[in-house]
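Working notes, beginning with the structure itself.
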Amino acid sequence: MSENPSDRRPDPDALLALADEGRRGRLKVFLGAAPGVGKTYAMLQNARRLKAEGADVLIGLVETHGRAETAALVEGLDVLPRREIAYRERKIEEFDLDSALARRPKLIVVDELAHSNAPDSRHPKRWQDVEDLLDAGIDVWTALNIQHLESLADVVSRVTGVTVRETVPDGVLQKAQDVVLVDITPAELIERLREGKVYLPETARRATQKFFTPGNLTALRELALRRTADRVDDQMVDYLRQNAIEGPWETSDYLLVCLDADAGAEKLVRAASRLATRLNAAWIVVHAERPGHEETDPVRLKRLDSALHLAERLGAETRRLTAADRIGEILRLARRENVTQIVVGRPRETLWRRLTGSGFVAALAAQAPDIALYTLGAPEPPPTKRVVRIARPARLWTGFAAAIGAVAAAVGVGHALTLALDLPNLSMVFLLAVLGCAATYGPWSAVAASFLSFLAYNFFFIPPIHTFTVAEPQEVLSLLVFLIVAVATGSLAGRVHDQATAASRRAEAIAALYAFSRKLAGAARLDDVLWASATHLHRTQGGSIVLLLPQDGELQLRTAWPPDRELSAGEVGAAQWAFDKQEASGWRTNTLPNLAMQFRPLLSPRGAVGVCGFTPLAADAPLAPEQERELTALLEQTALAIDRSLLIGEAVRAAALEDNEKLRTTLLSSLSHDLRTPLSSITGAVTTLRQFGAQMPEEDRADLLASIEEEAARLSRFVANLLDMSRIESGALKLRRDMIETSECVRAAAERSRRVFPQFRIETSVARDLPFIQGDAQMLEQVLFNLLDNAHKYGGERGAVIHARQQGDKVVISVTDDGPGVKPADLARIFEKFFRGGRSDGRKAGTGLGLSICKGLVEAMGGTIEAQSPAARRRGTRILLRFPAARMKMQPET
């Protein structure tokens with residue numbers, strides 16, 4: 001069945017890549033085979049044409065190299081002033097990236113893409129400045145010679161004999177939307193040189209003798225043509241995918257490169273990059289190590305780190321693996337990632353490898369027959385140049401001294417046993433000494449002890465003694481067997497010791513990470529998390545530690561160790577870059593590498609939550625793999641802990657906003673009812689009096705005036721409650737601390753309530769000899785009045801009882817009504833703002849502020865308030881107030 005063309009859909013990945021390009025500026029590269037072919041000239045011609053059409057074109061930087069024709073094309077165009085930098089007692093003019101970003105033209109021309117910036121610039125390379133411009137949405141035109149591509153640098157060096165020091169990652173050219181090949185024949189270029197159109201005459205003469213030879217130019221021209229053709233092919237494939245044009249889509253190749261720390265590592269990476277480019281394949285670079293045999297030699301470690309960084313610049317993914325079976329782990333990764341080809345460096349041929357066919361490459365070929373294996377020319381250095389890692393010098397000499405002591409002790413024990421017993425063979429005594437050295441000081445001490453034991457056993461115990469001569473042939477064989485067994489046993493025991501030591505170090509690192517995780521888990525506040533993180537990072541990594549978090553759109557230094565550590569302007573810029581771009585900056589990175597501190601973003605599932613900066617203990621060497629793993633784990637834990645603290649804060653704020661929203665809704669509901677009702681009554685009564693007052697009987701007018709007075713008083717109480725609650729919550733309420741006579745406050749509140757609610761029956765019962773309480777008498781009277789008001793609303797006309805008594809060192813005042821009571825579930829809620837229970841007639845009453853105000857006033861005076869619904873009576877509600885009794889007591893009445 002043929003496929004319906006309408007069912008074909010564009011490739012999602014291609015559409016996603018197209019969308020990403022729409023957010024960035026467009027990059028156009030004018031590519032040439034060599035200097036002088038006319039790249040800058042062609043670029044400026046096109047820029048002038050666009051300027052004439054009305055486009056916003058800015059010349060960011062153009063190098064004319066004294067060529068009059070090129071300089072003439074710059075005239076009439078907007079030129080960005082260059083930035084001056086003082087370097088070695090002279091001034092250097094560089095491209096001003098900050099001014100270009102502030103100007104934000106539609107198109108900017110930046111020449112010499114491979115140029116290295118002056119020290120203390122934001123980026124060490126100009127192509128990184130161009131990346132910033134593209135990220136800001138600015139279109140960029142630039143020029144590049146083919147020899148400056150990173151993957152071709154060693155090829156150009158071999159062809160021309162000239163070392164290329166300024167390079168551009170291949171990924172920059174691969175991401176360019178347009179590549180314009182500017183090409184002339186080698187003969188035309190050499191003629192331009194002789195005419196002085198490229199260099200000055202003397203410089204041109206030397207150039208034609210070295211770099212600008214017909215053979216060199218032809219080779220460079222071929223490289224430029226091939227690379228341009230590859231880019232055009234990629235663009236065609238992208239177009240087919242984006243437009244769902246059917247084609248023979250085959251599964252793409254995937255390369256895995258096995259990398260070691262040898263001198264040919266960078267050559268191998270460049271060769272693999274060229275192979276991946278020709279195959280149009282993704283590739284991954286892997287370095288595998290055995291546990292306990294991690295690379296520690298600074299020279300080799302630096303070489304490995306440089307090769308891995310080079311691979312990343314060339315567009316590869318990098319991995320570091322640790323496994324006892326290196327080949328097995330590499331092949332497991334290869335099969336998991338669907339690797340189709342494995343690339344290794346050509347091993348150094350030895351007689352043993354030629355005879356046995358053994359070695360790393362042979363083992364890979366034997367265990368992975370289904371994966372293509374390439375050996376590329378990356379020769380290893382001579383064996384004499386390789387530094388063999390044995391041990392630290394101090395520990396090495398200690399191990400040798402221990403070997404001498406152990407063998408001497410074995411000789412002494414052997415003499416003692418010979419005097420006491422007739423033993424035919426004492427070799428086990430010396431073997432025990434070898435094992436002791438292996439278990440304590442490692443394999444090198446064990447090997448030394450083996451040879452010393454061989455000599456001592458022969459000298460002291462093999463006839464003729466005290467000579468190294470062996471009389472019996474079988475004794476020679478025994479000695480040789482002993483030596484072989486001792487060396488093998490000592491080496492194996494030493495390796496076990498080294499592996500146990502490495503396991504112990506890993507266990508310590510895991511235990512430290514676990515302790516750090518527990519410490520962070522117990523830190524709830526953000527400041528506690530930051531301080532715990534900074535101190536632990538300083539203790540494990542050494543050097544200075546700073547933690548920065550975003551605040552008001554900028555990074556702010558929150559924690560530092562040592563605490564007085566300050567950041568320079570360059571360090572602040574590097575930290576902001578790490579946060580914005582979510583990649584490392586500073587020491588040994590591509591952004592501000594001259595800084596002493598490196599900054600890494602703290603990444604959580606929600607993105608970057610901050611930045612950590614650290615100063616390495618050894619500034620001239622990269623971090624060891626185990627240090628890198630430990631630091632990465634610590635930073636991940638720190639990021640998660642910071643994110644958790646921020647989420648807790650956001651949850652608290654969200655809960656507060658939700659409570660405020662509920663409060664606002666309830667307040668508006670209450671205001672709409674409790675303000676509208678009395679106002680409606682007052683308005684209706686006043687309107688009636690104005691219209692019909694003269695015709696109404698005196699008794700009706702009096703009733704209307706009483707209603708106005710009653711509703712106005714009700715409205716006044718409501719507003720007073722709102723003001724009191726506002727004063728309580730804002731802390732503006734000022735209470736007096738006087739001695740209060742409880743009985744007077746009870747009587748005053750009862751009389752006030754009787755005037756307001758004349759039909760409501762109120763009884764008082766005050767014990768004699770009540771002690772004073774300390775507080776504000778006016779506020780206590782207001783509390784009791786609010787409680788009686790609440791009893792009037794919810795207890796009907798049955799009345800209420802106020803009872804005051806002493807209970808221990810407390811004065812207890814209770815207000816009890818005879819209403820339907822409160823549900824047990826609502827007893828704890830009746831003191832909440834705007835909570836309203838039901839009246840005896842089933843309707844809601846009041847604003848729900850009275851009891852809440854009572855609670856605030858009572859607690860402000862040092863008392864407590866509690867609601868009860870007496871079970872024995874099965875009716876009514878009792879509100880209990882408890883205040884501490886003052887020392888001074890009321891005198892009994894005479």
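Convention: chains lettered A, B, ... in structure tokens order; per-chain residue numbering from 1; ligands numbered from 1 as shown.
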
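For Ile59 of chain A, the residues within 10 Å (counting only C-alpha atoms, excluding itself and residues fewer than 6 positions away along the chain) are A:Leu44, A:Ala47, A:Val74, A:Leu77, A:Asp78, A:Val79, A:Leu80, A:Pro81, A:Ala100, A:Pro105, A:Leu107, A:Ile108, A:Val109, A:Val110, A:Asp111, A:Trp141.
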
Produce a file of the selected residues containing N, CA, C and O atoms, as a CSV table (one decimal), in the first residue's frame.
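Full text of out.csv as output:
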```csv
chain,number,residue,atom,x,y,z
A,44,LEU,N,32.1,43.3,3.4
A,44,LEU,CA,31.8,44.7,3.4
A,44,LEU,C,31.0,45.1,2.2
A,44,LEU,O,30.1,46.0,2.3
A,47,ALA,N,27.5,44.3,3.1
A,47,ALA,CA,27.0,45.1,4.2
A,47,ALA,C,26.6,46.5,3.6
A,47,ALA,O,25.6,47.1,4.0
A,74,VAL,N,34.6,50.7,4.2
A,74,VAL,CA,34.1,51.0,5.6
A,74,VAL,C,33.6,52.4,5.7
A,74,VAL,O,32.7,52.7,6.5
A,77,LEU,N,29.7,53.8,6.6
A,77,LEU,CA,29.0,52.9,7.5
A,77,LEU,C,29.2,53.2,9.0
A,77,LEU,O,30.2,53.9,9.4
A,78,ASP,N,28.2,52.9,9.8
A,78,ASP,CA,28.3,53.1,11.2
A,78,ASP,C,29.3,52.2,11.8
A,78,ASP,O,29.2,51.0,11.7
A,79,VAL,N,30.3,52.8,12.5
A,79,VAL,CA,31.4,52.0,13.1
A,79,VAL,C,31.4,52.1,14.6
A,79,VAL,O,31.2,53.2,15.1
A,80,LEU,N,31.4,51.0,15.3
A,80,LEU,CA,31.4,51.0,16.7
A,80,LEU,C,32.8,51.3,17.2
A,80,LEU,O,33.8,50.6,16.8
A,81,PRO,N,33.0,52.3,18.1
A,81,PRO,CA,34.3,52.6,18.7
A,81,PRO,C,34.9,51.3,19.4
A,81,PRO,O,34.2,50.6,20.1
A,100,ALA,N,28.2,46.9,22.0
A,100,ALA,CA,27.4,46.3,20.9
A,100,ALA,C,26.1,45.8,21.4
A,100,ALA,O,25.0,45.9,20.7
A,105,PRO,N,22.0,46.5,17.2
A,105,PRO,CA,21.7,46.7,15.8
A,105,PRO,C,21.0,45.4,15.2
A,105,PRO,O,21.0,44.3,15.8
A,107,LEU,N,22.0,44.0,12.4
A,107,LEU,CA,23.2,43.3,11.9
A,107,LEU,C,24.4,43.9,12.3
A,107,LEU,O,24.6,45.2,12.2
A,108,ILE,N,25.4,43.1,12.7
A,108,ILE,CA,26.7,43.6,13.1
A,108,ILE,C,27.8,42.8,12.4
A,108,ILE,O,27.6,41.6,12.3
A,109,VAL,N,28.8,43.5,11.9
A,109,VAL,CA,29.9,42.9,11.2
A,109,VAL,C,31.1,42.8,12.2
A,109,VAL,O,31.6,43.8,12.7
A,110,VAL,N,31.6,41.5,12.4
A,110,VAL,CA,32.7,41.3,13.4
A,110,VAL,C,33.7,40.4,12.6
A,110,VAL,O,33.5,39.2,12.4
A,111,ASP,N,34.8,41.0,12.3
A,111,ASP,CA,35.8,40.3,11.5
A,111,ASP,C,36.7,39.5,12.4
A,111,ASP,O,36.7,39.6,13.6
A,141,TRP,N,27.7,38.9,10.9
A,141,TRP,CA,28.5,38.5,9.8
A,141,TRP,C,29.9,38.5,10.2
A,141,TRP,O,30.4,39.4,10.9
```

Which residues in segment 561-784 of chain A does DSSP call strand (DSSP E or B)? List them as a PyMOL selection string.
-> chain A and resi 561+585-586+598-604+607-614+738-740+762-766+771-775

Tell me which protein, DNA and RNA residues are within 6 Å of Arg878 of chain A, counting only C-alpha atoms, leaving out same-chain ones fewer than 6 positions away, and put them as a ChimeraX atom specification.
-> /A:815-816,867-868

Non-local contacts of Ala271 of chain A (12 Å; only C-alpha atoms; under 4 positions in same chain excluded) as a count of residues only | 27

Leaving out Trp283 of chain A and any residue of its chain fewer than 5 positions from it, which residues lie within 7 Å of it when counting only C-alpha atoms, given as a list in words?
-> Tyr254, Leu255, Leu256, Ala276, Ala316 and Glu317 of chain A

Restricting it to N, CA and C atoms, dump the selection as a short mmCIF file (atom, residue, chain, number, x, y, z; two decimals), in the first residue's frame.
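again10.cif written:
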```
data_model
loop_
_atom_site.label_atom_id
_atom_site.label_comp_id
_atom_site.auth_asym_id
_atom_site.auth_seq_id
_atom_site.Cartn_x
_atom_site.Cartn_y
_atom_site.Cartn_z
N TYR A 254 27.16 6.51 15.09
CA TYR A 254 27.47 7.06 16.41
C TYR A 254 28.84 6.55 16.80
N LEU A 255 29.80 7.44 17.03
CA LEU A 255 31.18 7.07 17.31
C LEU A 255 31.46 7.16 18.81
N LEU A 256 32.25 6.22 19.29
CA LEU A 256 32.76 6.25 20.66
C LEU A 256 34.28 6.25 20.59
N ALA A 276 34.09 11.98 12.39
CA ALA A 276 32.68 12.20 12.70
C ALA A 276 32.06 13.20 11.73
N ALA A 316 31.71 17.06 20.96
CA ALA A 316 31.53 15.70 21.46
C ALA A 316 30.96 15.74 22.88
N GLU A 317 30.33 14.65 23.25
CA GLU A 317 29.95 14.42 24.64
C GLU A 317 31.09 13.67 25.33
#
```

Could you pull the residues within 8 Å of Ala288 of chain A, counting only C-alpha atoms, minus those fewer than 4 positions along the same chain, as a PyMOL selection string?
-> chain A and resi 258-260+320-323+326+330

Using only C-alpha atoms, the residue out of A:Val766, A:Ala641, A:Ala438, A:Leu455 with shortest distance to Arg518 of chain A is A:Ala641

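Atom CA of Ala261 of chain A to atom CA of Leu301 of chain A spans 6.8 Å [interatomic distance, one decimal].
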
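The spacing separating atom CA of Ile462 of chain A from atom CA of Thr440 of chain A amounts to 28.4 Å.
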
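Remark: for Ser517 of chain A, the closest of the candidate residues A:Thr638, A:Ala534, A:Gln556, A:Ala618 is A:Thr638 (distances computed over only C-alpha atoms).
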
Using only C-alpha atoms, determine which residues lie at most 9 Å from Ala524 of chain A, disregarding the query and same-chain residues fewer than 5 positions distant; provide the list as a list of chain:residue names.
-> A:Val529, A:Ala641, A:Arg644, A:Ser645, A:Ile648

Those selected residues, please, written with N, CA and C atoms and delivered as a PDB file, in the first residue's frame.
```pdb
ATOM      1  N   VAL A 529      21.020  26.560  55.413  1.00  0.00           N
ATOM      2  CA  VAL A 529      21.442  25.732  54.277  1.00  0.00           C
ATOM      3  C   VAL A 529      22.706  26.303  53.641  1.00  0.00           C
ATOM      4  N   ALA A 641      18.877  21.450  48.211  1.00  0.00           N
ATOM      5  CA  ALA A 641      18.525  21.990  49.521  1.00  0.00           C
ATOM      6  C   ALA A 641      18.081  23.450  49.404  1.00  0.00           C
ATOM      7  N   ARG A 644      14.680  23.488  47.916  1.00  0.00           N
ATOM      8  CA  ARG A 644      13.673  23.083  48.911  1.00  0.00           C
ATOM      9  C   ARG A 644      13.346  24.230  49.862  1.00  0.00           C
ATOM     10  N   SER A 645      14.374  24.949  50.317  1.00  0.00           N
ATOM     11  CA  SER A 645      14.131  26.083  51.218  1.00  0.00           C
ATOM     12  C   SER A 645      13.327  27.170  50.521  1.00  0.00           C
ATOM     13  N   ILE A 648       9.782  26.049  50.341  1.00  0.00           N
ATOM     14  CA  ILE A 648       9.102  26.206  51.635  1.00  0.00           C
ATOM     15  C   ILE A 648       8.668  27.653  51.829  1.00  0.00           C
TER      16      ILE A 648
END
```
